[in-house]
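Data block for input.csv (CSV, C-alpha atoms):
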chain,number,residue,atom,x,y,z
A,939,MET,CA,6.9,-1.3,9.6
A,940,ARG,CA,6.0,1.4,7.1
A,941,ALA,CA,3.2,1.4,4.6
A,942,LEU,CA,3.0,3.6,1.5
A,943,VAL,CA,-0.3,4.9,0.3
A,944,VAL,CA,-0.3,6.1,-3.3
A,945,GLY,CA,-3.1,8.3,-4.8
A,946,ALA,CA,-5.7,10.7,-3.6
A,947,ASP,CA,-5.3,14.0,-1.8
A,948,ARG,CA,-6.7,13.2,1.7
A,949,VAL,CA,-6.0,9.8,3.2
A,950,ASP,CA,-6.3,10.5,6.9
A,951,ALA,CA,-8.9,7.8,7.4
A,952,ILE,CA,-7.0,5.3,5.4
A,953,ARG,CA,-3.8,6.1,7.3
A,954,ALA,CA,-5.6,5.6,10.6
A,955,GLU,CA,-7.1,2.3,9.5
A,956,LEU,CA,-3.7,1.0,8.4
A,957,GLU,CA,-2.1,1.9,11.7
A,958,ARG,CA,-5.0,0.5,13.7
A,959,ALA,CA,-4.9,-2.9,12.0
A,960,ALA,CA,-2.9,-5.0,14.4
A,961,HIS,CA,-2.3,-7.9,12.1
A,962,LEU,CA,-0.4,-5.6,9.7
A,963,GLY,CA,2.0,-4.1,12.2
A,964,VAL,CA,2.1,-0.8,10.5
A,965,SER,CA,3.6,1.9,12.7
A,966,ARG,CA,4.2,4.7,10.0
A,967,THR,CA,2.4,5.6,6.8
A,968,GLU,CA,3.8,7.6,4.0
A,969,HIS,CA,1.5,9.2,1.4
A,970,TRP,CA,2.2,10.2,-2.3
A,971,SER,CA,-0.7,12.1,-3.8
A,972,GLY,CA,0.6,11.7,-7.3
A,973,ARG,CA,-0.1,15.3,-8.2
A,974,HIS,CA,3.6,16.2,-8.3
A,975,VAL,CA,5.5,15.8,-11.5
A,976,GLY,CA,8.3,13.9,-9.9
A,977,ASP,CA,6.2,11.4,-8.0
A,978,LYS,CA,6.6,8.8,-10.7
A,979,ARG,CA,10.4,9.0,-10.3
A,980,ARG,CA,10.4,8.7,-6.5
A,981,PRO,CA,11.8,5.5,-5.1
A,982,ILE,CA,9.8,3.5,-2.6
A,983,PRO,CA,11.4,4.0,0.8
A,984,VAL,CA,13.7,1.2,1.9
A,985,ASP,CA,11.7,0.3,5.1
A,986,THR,CA,8.4,0.0,3.3
A,987,ARG,CA,6.7,-3.4,3.7
A,988,LEU,CA,3.2,-2.7,2.2
A,989,VAL,CA,2.0,-0.6,-0.7
A,990,VAL,CA,-1.7,0.5,-1.0
A,991,VAL,CA,-2.6,1.9,-4.4
A,992,LEU,CA,-5.9,3.9,-4.6
A,993,CYS,CA,-6.6,3.1,-8.3
A,994,ASP,CA,-9.3,5.6,-8.9
A,995,ARG,CA,-7.1,8.5,-7.8
A,996,ILE,CA,-3.8,7.8,-9.6
A,997,ASN,CA,-2.4,8.3,-13.1
A,998,HIS,CA,-1.1,5.5,-15.2
A,999,ASP,CA,2.6,6.5,-15.2
A,1000,LEU,CA,2.7,6.5,-11.4
A,1001,LEU,CA,0.8,3.2,-11.2
A,1002,TYR,CA,3.3,1.5,-13.5
A,1003,SER,CA,6.3,2.9,-11.6
A,1004,VAL,CA,5.0,1.8,-8.2
A,1005,ARG,CA,4.0,-1.6,-9.5
A,1006,ARG,CA,7.4,-2.2,-11.1
A,1007,GLN,CA,9.3,-1.1,-8.0
A,1008,ALA,CA,7.2,-3.2,-5.6
A,1009,ALA,CA,7.5,-6.2,-7.8
A,1010,SER,CA,11.3,-5.9,-8.0
A,1011,ARG,CA,11.4,-5.8,-4.2
A,1012,GLY,CA,8.8,-8.4,-3.5
A,1013,LEU,CA,6.5,-6.0,-1.7
A,1014,PRO,CA,2.8,-6.9,-1.4
A,1015,VAL,CA,0.5,-4.4,-3.2
A,1016,VAL,CA,-3.1,-3.8,-2.4
A,1017,TYR,CA,-5.1,-2.2,-5.2
A,1018,CYS,CA,-8.4,-0.7,-4.0
A,1019,ARG,CA,-10.7,2.2,-4.5
A,1020,HIS,CA,-10.6,5.3,-2.4
A,1021,SER,CA,-12.9,3.6,0.1
A,1022,LEU,CA,-12.3,2.3,3.6
A,1023,VAL,CA,-14.7,-0.5,3.1
A,1024,ASP,CA,-12.9,-1.7,0.0
A,1025,MET,CA,-9.5,-1.4,1.7
A,1026,ARG,CA,-10.7,-3.2,4.8
A,1027,ASP,CA,-12.0,-6.1,2.7
A,1028,LYS,CA,-8.7,-6.5,0.9
A,1029,LEU,CA,-6.5,-6.1,4.0
A,1030,ALA,CA,-8.6,-8.7,5.9
A,1031,ARG,CA,-7.5,-11.2,3.3
A,1032,MET,CA,-3.8,-10.6,4.1
A,1033,VAL,CA,-2.1,-12.7,6.8
A,1034,PRO,CA,1.5,-13.4,7.8
A,1035,THR,CA,2.8,-16.8,6.7
A,1036,ALA,CA,3.8,-19.3,9.4
A,1037,ALA,CA,7.3,-19.6,8.0
A,1038,ASP,CA,7.8,-15.8,8.2
A,1039,CYS,CA,6.6,-15.7,11.8
A,1040,ALA,CA,8.9,-18.5,12.8
A,1041,ALA,CA,11.9,-17.0,11.1
A,1042,SER,CA,11.8,-13.5,12.3
A,1043,GLY,CA,8.6,-12.7,14.2
A,1044,CYS,CA,5.3,-11.5,13.0
A,1045,PRO,CA,4.4,-9.6,10.9
A,1046,VAL,CA,7.2,-9.6,8.3
A,1047,GLU,CA,5.7,-10.5,4.9
A,1048,LEU,CA,2.1,-10.6,4.0
A,1049,GLN,CA,0.5,-13.3,1.9
A,1050,ARG,CA,-2.8,-13.1,0.1
A,1051,LYS,CA,-5.4,-15.6,0.8
A,1052,GLY,CA,-8.6,-16.0,-1.2
A,1053,ARG,CA,-9.3,-14.1,-4.4
A,1054,ALA,CA,-7.0,-11.9,-6.5
A,1055,ASN,CA,-7.0,-8.1,-6.0
Represent the structure from my file as C-alpha cells, please.
Amino acid sequence: MRALVVGADRVDAIRAELERAAHLGVSRTEHWSGRHVGDKRRPIPVDTRLVVVLCDRINHDLLYSVRRQAASRGLPVVYCRHSLVDMRDKLARMVPTAADCAASGCPVELQRKGRAN
C-alpha cells in the first residue's frame, strides 16, 4: 500500500517510520513538499491508502485540496506536527477493522480508535 506525506521539505525519518510500522502495511511513500505552485492541483495517486498531513509545514490551499480529495475517496488522514513522536502517537491509534481483514486481508482500511486527531 502507498502512503502520501504532505508538507515539509525533509521527511526521511517520517517515511522510514511509516514503512517500518507493520500494522499499516505501507510499502511505498510519496511526498509532496507543498512548495510547488501546482501541488494544490495534484490528484492523490490512485493506490494511496493513507494520507499524513504535516500541519505546521503546509499552506491552507494545499490542506483544503488534500482534505477534500481524501474525504471524497474515503481515505484516512492523519494530521500531525512535523514530529516523529506526534506521528507515532496518532498512528498507534489506527488499527484495521475486523470486517476489512475478513473481507480482503489486512491491512486494507484503517479505523481510528480513541480521540480525534
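Closest approach to Asp950 of chain A from the set A:His1020, A:Arg1026, A:Arg979, A:Arg1011 is made by A:His1020, with distances taken over only C-alpha atoms.
Atom CA of Val1015 of chain A is positioned 4.8 Å from atom CA of Val989 of chain A.
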Using all atoms listed in the file, find the one residue out of A:Val964, A:Leu1000, A:Val984, A:Leu1022 that sits nearest to Ile952 of chain A. A:Leu1022
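If you look at atom CA of Gly976 of chain A and atom CA of Glu957 of chain A, they are 26.8 Å away from each other.
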With a distance cut-off of 10 Å and only C-alpha atoms, select the neighbouring residues of Cys1018 of chain A, excluding the residue or stretch itself and same-chain residues fewer than 6 positions from it, and output the selection as a VMD selection string. chain A and resid 990 to 994 1024 to 1029 1055
